[in-house]
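The data block below is final.txt; it holds compact mmCIF, C-alpha atoms and all ligand atoms.
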```txt
# COMPACT_ATOMS: atom_id res chain seq x y z
CA MET A 1 114.48 116.61 143.83
CA SER A 2 112.50 115.55 140.73
CA HIS A 3 108.73 115.43 140.80
CA SER A 4 108.90 111.64 140.34
CA GLN A 5 111.11 111.40 143.44
CA GLN A 6 108.67 113.53 145.44
CA LEU A 7 105.73 111.43 144.30
CA PHE A 8 107.59 108.21 145.06
CA GLU A 9 108.30 109.35 148.63
CA GLN A 10 104.68 110.36 149.08
CA ALA A 11 103.36 107.15 147.50
CA GLN A 12 105.36 104.92 149.84
CA LYS A 13 103.44 106.31 152.82
CA THR A 14 100.13 104.86 151.68
CA ILE A 15 100.97 102.24 149.02
CA PRO A 16 103.34 99.33 149.81
CA GLY A 17 106.57 100.14 148.01
CA GLY A 18 104.80 103.09 146.42
CA VAL A 19 103.40 100.94 143.62
CA ASN A 20 100.43 98.77 142.78
CA SER A 21 102.54 96.10 141.04
CA PRO A 22 106.09 95.30 142.19
CA VAL A 23 108.34 95.65 139.11
CA ARG A 24 107.15 99.25 138.72
CA ALA A 25 109.14 100.19 141.81
CA PHE A 26 112.43 99.70 139.87
CA THR A 27 113.38 97.19 142.55
CA GLY A 28 115.43 95.20 140.05
CA VAL A 29 117.32 98.11 138.53
CA GLY A 30 117.46 100.45 141.53
CA GLY A 31 116.70 104.16 141.56
CA THR A 32 113.41 106.03 141.50
CA PRO A 33 110.57 104.86 139.27
CA LEU A 34 109.26 107.34 136.75
CA PHE A 35 105.77 108.53 137.53
CA ILE A 36 103.98 108.81 134.22
CA GLU A 37 101.82 111.79 133.49
CA ARG A 38 100.58 110.95 129.99
CA ALA A 39 101.41 109.00 126.88
CA THR A 40 100.73 109.19 123.18
CA GLY A 41 101.81 106.95 120.29
CA ALA A 42 105.29 105.58 121.00
CA TYR A 43 106.02 108.12 123.73
CA THR A 44 105.43 108.47 127.44
CA PHE A 45 105.94 111.66 129.42
CA ASP A 46 106.94 111.54 133.06
CA ALA A 47 105.80 113.77 135.92
CA ASP A 48 108.77 116.06 135.20
CA GLY A 49 107.70 116.52 131.60
CA LYS A 50 110.51 114.43 130.10
CA GLN A 51 109.66 112.45 126.96
CA TYR A 52 110.66 108.81 126.47
CA ILE A 53 110.44 106.37 123.59
CA ASP A 54 108.47 103.65 125.33
CA TYR A 55 109.31 99.95 124.89
CA VAL A 56 107.16 98.81 127.80
CA GLY A 57 103.79 99.79 126.34
CA SER A 58 102.01 99.15 129.65
CA TRP A 59 103.70 95.71 129.60
CA GLY A 60 102.13 94.68 126.33
CA PRO A 61 98.64 96.07 125.78
CA MET A 62 99.74 99.10 123.77
CA ILE A 63 100.55 97.32 120.53
CA LEU A 64 98.90 100.15 118.58
CA GLY A 65 100.73 102.81 120.58
CA HIS A 66 99.28 104.87 123.40
CA ASN A 67 95.92 106.54 123.10
CA HIS A 68 95.08 105.16 119.68
CA PRO A 69 92.17 107.30 118.38
CA ALA A 70 89.95 104.33 117.47
CA ILE A 71 90.24 102.92 120.99
CA LEU A 72 89.75 106.28 122.65
CA ASP A 73 86.62 106.98 120.58
CA ALA A 74 85.18 103.55 121.40
CA VAL A 75 85.77 104.09 125.12
CA ILE A 76 84.19 107.54 125.17
CA SER A 77 81.12 106.66 123.13
CA THR A 78 80.49 103.45 125.09
CA ALA A 79 80.96 105.20 128.44
CA GLN A 80 78.15 107.57 127.55
CA LYS A 81 75.73 104.62 127.64
CA GLY A 82 76.67 103.51 131.15
CA LEU A 83 79.75 102.10 132.81
CA SER A 84 78.69 98.65 133.99
CA PHE A 85 75.49 96.61 134.10
CA GLY A 86 76.40 93.18 135.44
CA ALA A 87 74.06 91.80 132.79
CA PRO A 88 74.82 90.44 129.34
CA THR A 89 75.40 92.84 126.45
CA GLU A 90 75.63 92.44 122.68
CA LEU A 91 79.18 93.81 122.83
CA GLU A 92 80.27 90.64 124.64
CA ILE A 93 79.00 88.48 121.78
CA THR A 94 80.78 90.66 119.23
CA MET A 95 83.97 90.37 121.27
CA ALA A 96 83.69 86.58 121.64
CA GLU A 97 83.05 86.18 117.90
CA LYS A 98 85.98 88.41 117.03
CA VAL A 99 88.36 86.50 119.29
CA ARG A 100 87.19 83.18 117.86
CA GLU A 101 87.70 84.49 114.33
CA LEU A 102 91.30 85.48 115.15
CA VAL A 103 92.10 82.48 117.40
CA PRO A 104 90.00 79.59 116.03
CA SER A 105 91.09 77.09 118.70
CA MET A 106 88.97 79.18 121.10
CA GLU A 107 85.63 77.67 120.12
CA LYS A 108 84.08 79.13 123.27
CA LEU A 109 85.51 81.71 125.62
CA ARG A 110 84.82 83.71 128.69
CA MET A 111 85.94 87.23 129.53
CA VAL A 112 87.61 88.16 132.81
CA SER A 113 89.39 91.27 134.06
CA SER A 114 93.08 90.29 134.13
CA GLY A 115 95.58 87.76 132.87
CA THR A 116 95.80 86.31 136.38
CA GLU A 117 92.09 85.59 136.42
CA ALA A 118 92.32 84.00 132.98
CA THR A 119 95.09 81.54 133.92
CA MET A 120 93.65 80.85 137.37
CA SER A 121 90.28 80.00 135.81
CA ALA A 122 91.82 77.89 133.04
CA ILE A 123 93.75 75.86 135.63
CA ARG A 124 90.63 75.28 137.73
CA LEU A 125 88.75 74.25 134.62
CA ALA A 126 91.50 71.83 133.56
CA ARG A 127 91.46 70.30 137.04
CA GLY A 128 87.69 70.06 137.11
CA TYR A 129 87.52 68.59 133.63
CA THR A 130 90.19 65.94 134.17
CA GLY A 131 89.48 65.25 137.84
CA ARG A 132 93.26 65.52 138.47
CA ASP A 133 95.10 67.83 140.89
CA LYS A 134 98.62 68.27 139.56
CA ILE A 135 99.65 70.86 137.02
CA LEU A 136 102.90 71.29 135.14
CA LYS A 137 104.59 74.62 134.48
CA PHE A 138 108.07 75.75 133.52
CA GLU A 139 110.66 77.44 135.68
CA GLY A 140 110.88 81.16 134.86
CA CYS A 141 107.43 81.27 133.24
CA TYR A 142 104.96 83.65 134.86
CA HIS A 143 101.24 83.07 134.62
CA GLY A 144 99.93 85.67 137.04
CA HIS A 145 99.88 85.52 140.81
CA ALA A 146 97.33 82.80 141.60
CA ASP A 147 98.57 80.45 144.32
CA SER A 148 99.07 77.40 142.13
CA LEU A 149 101.03 79.38 139.57
CA LEU A 150 103.36 81.36 141.80
CA VAL A 151 105.83 78.52 142.00
CA LYS A 152 109.27 79.05 140.41
CA ALA A 153 107.66 82.00 138.64
CA GLY A 154 109.23 84.64 136.39
CA SER A 155 108.60 88.37 135.97
CA GLY A 156 108.52 90.48 139.14
CA ALA A 157 108.76 87.36 141.31
CA LEU A 158 112.07 86.56 139.64
CA THR A 159 113.25 90.18 139.64
CA LEU A 160 112.60 90.38 143.37
CA GLY A 161 114.15 86.97 143.99
CA VAL A 162 110.94 85.44 145.36
CA PRO A 163 109.90 82.98 142.64
CA ASN A 164 108.17 81.02 145.42
CA SER A 165 106.12 83.46 147.45
CA PRO A 166 105.46 83.06 151.16
CA GLY A 167 101.73 82.78 151.79
CA ILE A 168 101.21 79.80 149.53
CA PRO A 169 100.54 76.67 151.58
CA ALA A 170 102.99 73.86 150.84
CA ASP A 171 99.92 71.68 150.40
CA PHE A 172 98.99 73.81 147.36
CA ALA A 173 102.46 74.22 145.93
CA LYS A 174 103.10 70.49 145.97
CA HIS A 175 100.57 70.07 143.18
CA THR A 176 102.55 72.39 140.90
CA LEU A 177 105.31 70.51 139.12
CA THR A 178 108.01 72.57 137.47
CA VAL A 179 110.42 71.54 134.76
CA ASN A 180 112.85 73.26 132.39
CA TYR A 181 111.61 75.45 129.56
CA ASN A 182 112.70 74.18 126.13
CA ASP A 183 113.59 70.78 127.58
CA ILE A 184 111.04 68.29 126.29
CA GLN A 185 112.88 65.36 127.88
CA SER A 186 112.25 66.78 131.37
CA VAL A 187 108.52 66.85 130.54
CA LYS A 188 108.55 63.29 129.21
CA ASP A 189 110.33 62.09 132.34
CA ILE A 190 107.86 63.64 134.76
CA PHE A 191 104.88 62.40 132.74
CA ALA A 192 106.34 58.89 132.71
CA ASP A 193 106.15 59.01 136.52
CA LEU A 194 103.02 61.04 137.22
CA GLY A 195 101.23 61.48 133.88
CA ASP A 196 97.87 60.11 135.01
CA GLN A 197 97.74 62.69 137.83
CA ILE A 198 98.58 65.76 135.72
CA ALA A 199 95.56 67.89 134.81
CA CYS A 200 97.38 70.21 132.45
CA ILE A 201 100.53 71.70 131.08
CA ILE A 202 100.56 75.51 131.05
CA VAL A 203 103.24 77.23 129.01
CA GLU A 204 104.23 80.63 127.71
CA PRO A 205 104.62 79.84 123.99
CA VAL A 206 107.36 82.46 123.90
CA ALA A 207 108.65 82.98 127.43
CA GLY A 208 108.43 86.71 128.08
CA ASN A 209 108.85 86.79 131.82
CA MET A 210 112.48 85.69 131.93
CA ASN A 211 113.50 88.15 129.23
CA CYS A 212 112.51 86.78 125.79
CA ILE A 213 112.99 83.08 125.12
CA PRO A 214 111.34 81.63 122.03
CA PRO A 215 110.52 77.91 122.01
CA VAL A 216 113.13 75.67 120.38
CA GLU A 217 111.95 73.66 117.41
CA GLY A 218 109.67 70.81 118.41
CA PHE A 219 109.12 72.01 122.00
CA LEU A 220 105.51 73.17 121.70
CA GLU A 221 104.62 70.29 119.36
CA GLY A 222 106.19 67.92 121.90
CA LEU A 223 104.00 69.33 124.69
CA ARG A 224 100.96 68.90 122.48
CA SER A 225 101.66 65.22 121.86
CA ILE A 226 102.47 64.49 125.51
CA CYS A 227 99.10 66.01 126.50
CA ASP A 228 97.40 63.87 123.85
CA GLU A 229 99.10 60.74 125.11
CA TYR A 230 98.23 61.31 128.78
CA LYS A 231 94.85 63.05 128.23
CA SER A 232 96.05 66.18 129.98
CA VAL A 233 94.78 69.61 128.98
CA PHE A 234 97.29 71.69 126.99
CA ILE A 235 97.02 75.36 127.99
CA ILE A 236 98.91 77.94 125.98
CA ASP A 237 99.15 81.15 127.99
CA GLU A 238 98.97 83.87 125.34
CA VAL A 239 98.42 86.73 127.79
CA MET A 240 101.60 88.32 126.44
CA THR A 241 101.91 86.74 123.00
CA GLY A 242 98.25 86.93 121.96
CA PHE A 243 97.68 89.24 118.95
CA ARG A 244 101.36 90.22 119.32
CA VAL A 245 103.61 87.42 118.08
CA ALA A 246 101.14 87.14 115.20
CA LEU A 247 97.53 88.24 114.74
CA GLY A 248 96.46 84.71 115.71
CA GLY A 249 99.01 84.62 118.55
CA ALA A 250 101.97 82.32 119.03
CA GLN A 251 99.76 79.31 118.32
CA ALA A 252 99.29 80.61 114.77
CA HIS A 253 102.96 81.54 114.41
CA TYR A 254 104.16 78.10 115.53
CA ASN A 255 101.15 76.19 114.23
CA VAL A 256 100.23 74.36 117.44
CA LYS A 257 96.70 73.91 118.72
CA PRO A 258 96.09 74.07 122.46
CA ASP A 259 93.01 72.78 124.27
CA LEU A 260 92.71 76.05 126.18
CA THR A 261 94.17 79.50 125.59
CA THR A 262 94.49 82.39 128.02
CA LEU A 263 94.56 85.99 126.85
CA GLY A 264 95.17 89.40 128.42
CA LYS A 265 96.96 92.66 127.64
CA VAL A 266 96.26 93.42 123.93
CA ILE A 267 92.72 92.02 124.21
CA GLY A 268 91.79 94.94 126.46
CA GLY A 269 93.37 97.69 124.38
CA GLY A 270 94.63 99.16 127.67
CA MET A 271 91.57 98.42 129.82
CA PRO A 272 91.68 95.59 132.41
CA VAL A 273 90.67 92.53 130.37
CA GLY A 274 91.56 88.86 130.15
CA ALA A 275 89.92 85.86 128.55
CA PHE A 276 90.16 82.10 128.59
CA GLY A 277 88.69 79.70 126.12
CA GLY A 278 89.20 76.67 123.95
CA LYS A 279 87.47 73.43 123.07
CA ALA A 280 83.72 73.77 123.50
CA GLU A 281 83.58 70.42 125.25
CA ILE A 282 85.95 71.66 127.95
CA MET A 283 84.50 75.17 128.19
CA ASP A 284 81.05 73.70 128.80
CA TYR A 285 82.35 72.45 132.13
CA ILE A 286 82.13 76.06 133.32
CA ALA A 287 79.11 77.26 135.32
CA PRO A 288 76.23 77.77 134.62
CA VAL A 289 76.38 74.95 132.04
CA GLY A 290 78.86 72.84 133.97
CA PRO A 291 79.98 72.35 137.56
CA VAL A 292 83.26 74.35 137.62
CA TYR A 293 82.56 77.72 139.22
CA GLN A 294 83.94 80.95 137.81
CA ALA A 295 82.47 84.46 137.91
CA GLY A 296 83.16 88.21 137.96
CA THR A 297 81.16 91.36 138.79
CA LEU A 298 82.96 93.37 136.12
CA SER A 299 83.64 90.53 133.66
CA GLY A 300 82.75 91.61 130.13
CA ASN A 301 82.54 95.23 131.25
CA PRO A 302 81.24 97.32 128.34
CA ILE A 303 84.01 99.94 128.33
CA ALA A 304 86.63 97.20 128.50
CA MET A 305 84.93 95.26 125.69
CA ALA A 306 84.66 98.37 123.53
CA ALA A 307 88.33 99.22 124.01
CA GLY A 308 89.49 95.67 123.34
CA LEU A 309 87.24 95.22 120.34
CA ALA A 310 88.45 98.50 118.84
CA ALA A 311 92.03 97.30 119.30
CA LEU A 312 91.33 93.91 117.69
CA ASN A 313 89.37 95.47 114.83
CA GLU A 314 92.17 97.90 114.09
CA LEU A 315 94.87 95.23 114.38
CA SER A 316 93.04 92.96 111.95
CA SER A 317 92.13 95.74 109.49
CA LYS A 318 95.47 95.41 107.72
CA ASP A 319 98.71 93.48 107.89
CA TYR A 320 100.33 95.22 110.85
CA HIS A 321 102.24 92.15 111.96
CA THR A 322 104.66 91.92 109.03
CA GLU A 323 105.68 95.50 109.72
CA LEU A 324 105.88 94.87 113.48
CA ALA A 325 108.11 91.84 112.96
CA ALA A 326 110.39 93.79 110.62
CA LYS A 327 110.74 96.65 113.10
CA THR A 328 111.37 94.23 115.96
CA LYS A 329 114.12 92.58 113.94
CA GLN A 330 115.55 96.04 113.17
CA ILE A 331 115.81 97.01 116.83
CA ALA A 332 117.17 93.66 118.05
CA GLU A 333 119.74 93.34 115.25
CA GLY A 334 120.55 97.04 115.65
CA PHE A 335 121.34 96.54 119.36
CA LYS A 336 123.50 93.53 118.51
CA ALA A 337 125.49 95.37 115.82
CA ALA A 338 125.97 98.41 118.10
CA ALA A 339 127.12 96.18 120.97
CA ASP A 340 129.54 94.35 118.65
CA ARG A 341 131.05 97.66 117.53
CA GLN A 342 131.52 98.64 121.18
CA LYS A 343 132.90 95.18 122.06
CA VAL A 344 130.09 94.49 124.53
CA PRO A 345 129.16 90.79 124.50
CA LEU A 346 125.42 90.63 123.80
CA ALA A 347 122.94 87.94 122.76
CA ILE A 348 119.53 88.75 121.31
CA ASN A 349 116.21 87.01 120.77
CA TYR A 350 113.16 88.27 118.97
CA VAL A 351 109.89 87.02 117.52
CA GLY A 352 106.84 88.92 116.29
CA ALA A 353 106.70 92.17 118.26
CA MET A 354 108.75 90.89 121.24
CA PHE A 355 112.49 91.27 121.68
CA GLY A 356 115.12 90.59 124.30
CA PHE A 357 118.81 91.25 124.78
CA PHE A 358 121.23 89.62 127.21
CA PHE A 359 124.56 90.83 128.53
CA THR A 360 126.44 87.58 128.18
CA GLU A 361 129.28 85.84 126.38
CA GLN A 362 126.86 83.00 125.50
CA GLU A 363 126.04 82.89 121.80
CA GLN A 364 122.44 81.87 122.43
CA VAL A 365 120.09 82.08 125.37
CA ASN A 366 117.37 79.44 125.22
CA THR A 367 116.95 78.24 128.78
CA PHE A 368 116.25 79.57 132.26
CA ALA A 369 119.73 78.46 133.39
CA GLN A 370 121.30 80.47 130.56
CA VAL A 371 119.19 83.53 131.45
CA MET A 372 120.41 83.29 135.02
CA GLN A 373 124.03 83.42 133.86
CA CYS A 374 123.57 86.86 132.27
CA ASP A 375 125.04 90.00 133.77
CA THR A 376 122.14 91.77 135.50
CA ALA A 377 124.41 94.47 136.99
CA LYS A 378 125.39 95.47 133.48
CA PHE A 379 121.75 95.49 132.42
CA ASN A 380 120.85 97.75 135.34
CA LYS A 381 123.55 100.24 134.39
CA PHE A 382 122.49 100.15 130.74
CA PHE A 383 118.86 100.65 131.74
CA HIS A 384 119.63 103.86 133.61
CA LEU A 385 121.90 105.19 130.85
CA MET A 386 119.08 104.57 128.36
CA LEU A 387 116.62 106.41 130.62
CA GLU A 388 118.93 109.42 130.56
CA GLU A 389 118.89 109.13 126.76
CA GLY A 390 115.07 109.22 126.82
CA VAL A 391 114.45 105.52 126.16
CA TYR A 392 112.15 103.65 128.53
CA LEU A 393 112.98 99.93 128.61
CA ALA A 394 111.37 97.41 130.96
CA PRO A 395 113.01 97.99 134.37
CA SER A 396 114.26 94.41 134.77
CA ALA A 397 116.65 92.07 132.99
CA PHE A 398 113.90 89.46 133.17
CA GLU A 399 111.29 91.14 131.00
CA THR A 400 110.74 91.21 127.28
CA GLY A 401 110.74 94.36 125.12
CA PHE A 402 107.49 95.40 123.44
CA LEU A 403 107.22 97.10 120.10
CA SER A 404 104.16 98.93 118.80
CA THR A 405 102.89 100.05 115.42
CA ALA A 406 103.48 103.63 116.61
CA HIS A 407 107.27 103.18 116.75
CA SER A 408 108.61 104.84 113.59
CA ASN A 409 111.81 103.91 111.83
CA ALA A 410 113.23 107.19 113.15
CA ASP A 411 112.31 106.20 116.75
CA ILE A 412 114.03 102.86 116.29
CA GLN A 413 117.10 104.41 114.70
CA ALA A 414 117.32 106.95 117.53
CA THR A 415 117.01 104.10 120.05
CA ILE A 416 119.84 102.12 118.44
CA GLU A 417 122.07 105.21 118.37
CA ALA A 418 121.30 105.86 122.04
CA ALA A 419 122.05 102.22 122.83
CA GLU A 420 125.43 102.47 121.10
CA ARG A 421 126.37 105.51 123.21
CA CYS A 422 125.29 103.59 126.33
CA PHE A 423 127.18 100.41 125.34
CA ALA A 424 130.29 102.57 124.97
CA LYS A 425 129.92 103.70 128.59
CA LEU A 426 129.56 100.21 130.11
N1 LIG B 1 100.45 85.28 131.89
C1 LIG B 1 101.49 85.87 131.27
C2 LIG B 1 102.23 85.13 130.21
C3 LIG B 1 101.84 87.18 131.61
O1 LIG B 1 102.87 87.76 130.99
C4 LIG B 1 101.11 87.86 132.61
C5 LIG B 1 101.45 89.27 133.02
N2 LIG B 1 102.63 89.78 132.64
C6 LIG B 1 100.05 87.20 133.23
C7 LIG B 1 99.74 85.91 132.84
C8 LIG B 1 99.23 87.85 134.29
O2 LIG B 1 98.48 88.88 133.74
P1 LIG B 1 97.94 90.09 134.67
O3 LIG B 1 99.15 90.86 135.07
O4 LIG B 1 97.02 90.83 133.77
O5 LIG B 1 97.24 89.48 135.81
```

In C-alpha cells, how does this file's structure come out?
Ligand code: PMP
Amino acid sequence: MSHSQQLFEQAQKTIPGGVNSPVRAFTGVGGTPLFIERATGAYTFDADGKQYIDYVGSWGPMILGHNHPAILDAVISTAQKGLSFGAPTELEITMAEKVRELVPSMEKLRMVSSGTEATMSAIRLARGYTGRDKILKFEGCYHGHADSLLVKAGSGALTLGVPNSPGIPADFAKHTLTVNYNDIQSVKDIFADLGDQIACIIVEPVAGNMNCIPPVEGFLEGLRSICDEYKSVFIIDEVMTGFRVALGGAQAHYNVKPDLTTLGKVIGGGMPVGAFGGKAEIMDYIAPVGPVYQAGTLSGNPIAMAAGLAALNELSSKDYHTELAAKTKQIAEGFKAAADRQKVPLAINYVGAMFGFFFTEQEQVNTFAQVMQCDTAKFNKFFHLMLEEGVYLAPSAFETGFLSTAHSNADIQATIEAAERCFAKL
C-alpha cells in the first residue's frame, strides 16, 4: 500500500472524505488522492516521494511556481514582526494601491480571506446598493460556496453531481436566476421580464469551473450594456482569471469594465486571500462608511498581504504574461496535435495561462451543454495514465489547467510526449 493510500485511509476517520475541499478526494476521477509532501517550481512531490509536473498549482495561486523565493522571503520576514493584529497596517494600503494600479476599475477594495468571501460580499453589496434581491449567474460557473451562489454551480459541485446543494433554503435559491453561459439572448430575455428586480450579474469572464470556456465575442460587452440599461451591478469574478489571463485580469484582456471585481488565488501568492472592489460610489456602501455589513478577524492579515504583494510585485516586474500565453498555447496545441496523431477526438480551449481539453467529436466547446456532452470516462482514464507518467492534472474533467512561469519548455515538451503515450492507450 502506498503512503498516500495509508494517509487517505487514516484521514477519512477524522476528516469527511479525508479532505478539506471535495475535488481533492479524486471523487470525479476515482482512485486515491495524492497526499503532497512538498513542492518547488513546477513540481510537486507526493508522500511516496514521486515527482510530478504540476498543472494544478494549488488551483491557481501558484502562477510563479511553488515556493517562489521572493514570496517565501516576504512571508518569513513579515512573520518575524507578528502574525496578526486585527488592526490596520501600512501593508494593507500598499496592497490596495498595487491592486488598483493593476486593475484600475477597482477604485476602492477590501481584502478578505478567500474567493468565497469575496463573491459573497460583492453580492451582498450589490443587493444593498440596488435594493434588489435577485441575482443572475450562469450555469456551470462557480463563485464559491455561499448559499446564493451554489445554484447550478460548477467545479466540485459539478464533479460530484450536486450543482444545487441540499442545505440551501428554496427561499434563498429562488432569488438566484441562472442562464446559459455565452448566450446573451438568454440574459436579454430574463432581463426583459425581471430586469428591475435584478441586483447584479456575476460572471466568470473565462469560465474555469466547467473546464475552460472563454467568452464568445460580444458576450461580456453584452452583459455590460444590459447592466447599464437596467441599472444592475456588473460583477466580474476574477478569482481564477485575475493576474492570470493577463496582468490586469480578463477585464484587461477583453477590455470590459465591471462595476465590481472579485479576486482570489494569485492575489494571495499561496496564502488565503481574496478581495472585492470596484466603483468608489458602490464600495462606500460598505461598513463603516455605509450600511452594508462585512468584516473579518483575519482580513488583511500581514503574512497574507506580504505574500500576495510579493507575488504581484514579481508578476508586474516584467512581461511574464506574453511568455505564459505562449507556453499555454504550446501545451494546448501540443495536446491537440498528439491526440490527432493518435486518432483521439479532442477539442481544446486556451487563453492567457489557462487551458482546457475535451474528449469529444465536437469541433468547439463553448457552452455548458457542449461540456456536458464530453466523454468524462475517457478523461478519467487519461488522468490516471498521466499520473503514472508523472503529470498532475486537475482531477476532474470540469476544471481548467493552470500554467506557471516555472514550467520550462522542457517540462511542456515532456508533458506533451507523455500525453501522446497516454492518448495511444485510450
Ligand atoms: N470564484 C471563482 C471563479 C473560483 O474559481 C473560485 C474557486 N475555485 C471561487 C470563486 C471561490 O474561491 P475560494 O475557493 O477561495 O473560496

Item to complete: Mind checking which residues fall within 12 Å of region 270-273 of chain A, counting all atoms listed in the file, ignoring those fewer than 2 positions away in the same chain, and posting them as a count of residues only?
Response: 53

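Here CA of Lys98 (chain A) and CA of Asp284 (chain A) stand 19.5 Å from one another.
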
Practice prompt. Record the distance separating CA of Val203 (chain A) and CA of Asp237 (chain A), expressed in Å with one decimal.
Written response: 5.8 Å

List every residue of region 91-169 of chain A that has an atom at most 10 Å from any atom of region 184-191 of chain A, giving for each one its closest atom pair and the distance in Å to one decimal, counting only C-alpha atoms, sorted by chain and then by ascending residue number, as JSON lines.
```
{"residue": "A:Leu136", "atom": "CA", "partner": "A:Val187", "partner_atom": "CA", "distance": 8.5}
{"residue": "A:Lys137", "atom": "CA", "partner": "A:Val187", "partner_atom": "CA", "distance": 9.6}
{"residue": "A:Phe138", "atom": "CA", "partner": "A:Val187", "partner_atom": "CA", "distance": 9.4}
```

Just to be explicit: take each residue in the selection above, keep C-alpha atoms, and write the result as a PDB file, in the frame of the given file.
```
ATOM      1  CA  LEU A 136     102.900  71.290 135.140  1.00  0.00           C
ATOM      2  CA  LYS A 137     104.590  74.620 134.480  1.00  0.00           C
ATOM      3  CA  PHE A 138     108.070  75.750 133.520  1.00  0.00           C
TER       4      PHE A 138
END
```

Item to complete: List every protein, DNA or RNA residue with an atom no more than 12 Å from (125.1, 86.8, 134.8) in the file's coordinates, counting all atoms listed in the file, and format the result as a PyMOL selection string.
Response: chain A and resi 345-346+358-362+365+368-380+397-398

Since the input is missing atoms, can you rebuild N, CA and C atoms for region 294-311 of chain A and write them as a PDB file, in the frame of the given file?
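So the final result, stored in rebuild.pdb, reads:
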```pdb
ATOM      1  N   GLN A 294      83.106  79.825 138.230  1.00  0.00           N
ATOM      2  CA  GLN A 294      83.940  80.950 137.810  1.00  0.00           C
ATOM      3  C   GLN A 294      83.002  82.108 137.559  1.00  0.00           C
ATOM      4  N   ALA A 295      83.392  83.329 138.007  1.00  0.00           N
ATOM      5  CA  ALA A 295      82.470  84.460 137.910  1.00  0.00           C
ATOM      6  C   ALA A 295      83.212  85.783 138.005  1.00  0.00           C
ATOM      7  N   GLY A 296      82.523  86.898 137.803  1.00  0.00           N
ATOM      8  CA  GLY A 296      83.160  88.210 137.960  1.00  0.00           C
ATOM      9  C   GLY A 296      82.167  89.355 137.804  1.00  0.00           C
ATOM     10  N   THR A 297      82.082  90.218 138.821  1.00  0.00           N
ATOM     11  CA  THR A 297      81.160  91.360 138.790  1.00  0.00           C
ATOM     12  C   THR A 297      81.384  92.226 137.553  1.00  0.00           C
ATOM     13  N   LEU A 298      82.662  92.462 137.228  1.00  0.00           N
ATOM     14  CA  LEU A 298      82.960  93.370 136.120  1.00  0.00           C
ATOM     15  C   LEU A 298      83.393  92.626 134.845  1.00  0.00           C
ATOM     16  N   SER A 299      83.258  91.295 134.855  1.00  0.00           N
ATOM     17  CA  SER A 299      83.640  90.530 133.660  1.00  0.00           C
ATOM     18  C   SER A 299      82.800  90.957 132.463  1.00  0.00           C
ATOM     19  N   GLY A 300      83.465  91.188 131.338  1.00  0.00           N
ATOM     20  CA  GLY A 300      82.750  91.610 130.130  1.00  0.00           C
ATOM     21  C   GLY A 300      82.289  93.045 130.203  1.00  0.00           C
ATOM     22  N   ASN A 301      82.908  93.820 131.077  1.00  0.00           N
ATOM     23  CA  ASN A 301      82.540  95.230 131.250  1.00  0.00           C
ATOM     24  C   ASN A 301      82.484  95.962 129.896  1.00  0.00           C
ATOM     25  N   PRO A 302      81.422  96.740 129.671  1.00  0.00           N
ATOM     26  CA  PRO A 302      81.240  97.320 128.340  1.00  0.00           C
ATOM     27  C   PRO A 302      82.376  98.236 127.869  1.00  0.00           C
ATOM     28  N   ILE A 303      82.913  99.035 128.755  1.00  0.00           N
ATOM     29  CA  ILE A 303      84.010  99.940 128.330  1.00  0.00           C
ATOM     30  C   ILE A 303      85.221  99.092 127.937  1.00  0.00           C
ATOM     31  N   ALA A 304      85.491  98.073 128.768  1.00  0.00           N
ATOM     32  CA  ALA A 304      86.630  97.200 128.500  1.00  0.00           C
ATOM     33  C   ALA A 304      86.438  96.455 127.171  1.00  0.00           C
ATOM     34  N   MET A 305      85.204  95.973 126.941  1.00  0.00           N
ATOM     35  CA  MET A 305      84.930  95.260 125.690  1.00  0.00           C
ATOM     36  C   MET A 305      85.084  96.197 124.494  1.00  0.00           C
ATOM     37  N   ALA A 306      84.593  97.417 124.648  1.00  0.00           N
ATOM     38  CA  ALA A 306      84.660  98.370 123.530  1.00  0.00           C
ATOM     39  C   ALA A 306      86.113  98.701 123.199  1.00  0.00           C
ATOM     40  N   ALA A 307      86.916  98.893 124.238  1.00  0.00           N
ATOM     41  CA  ALA A 307      88.330  99.220 124.010  1.00  0.00           C
ATOM     42  C   ALA A 307      89.039  98.048 123.331  1.00  0.00           C
ATOM     43  N   GLY A 308      88.811  96.851 123.873  1.00  0.00           N
ATOM     44  CA  GLY A 308      89.490  95.670 123.340  1.00  0.00           C
ATOM     45  C   GLY A 308      89.056  95.374 121.904  1.00  0.00           C
ATOM     46  N   LEU A 309      87.769  95.497 121.683  1.00  0.00           N
ATOM     47  CA  LEU A 309      87.240  95.220 120.340  1.00  0.00           C
ATOM     48  C   LEU A 309      87.803  96.226 119.336  1.00  0.00           C
ATOM     49  N   ALA A 310      87.887  97.474 119.735  1.00  0.00           N
ATOM     50  CA  ALA A 310      88.450  98.500 118.840  1.00  0.00           C
ATOM     51  C   ALA A 310      89.903  98.145 118.513  1.00  0.00           C
ATOM     52  N   ALA A 311      90.630  97.672 119.531  1.00  0.00           N
ATOM     53  CA  ALA A 311      92.030  97.300 119.300  1.00  0.00           C
ATOM     54  C   ALA A 311      92.113  96.120 118.329  1.00  0.00           C
TER      55      ALA A 311
END
```
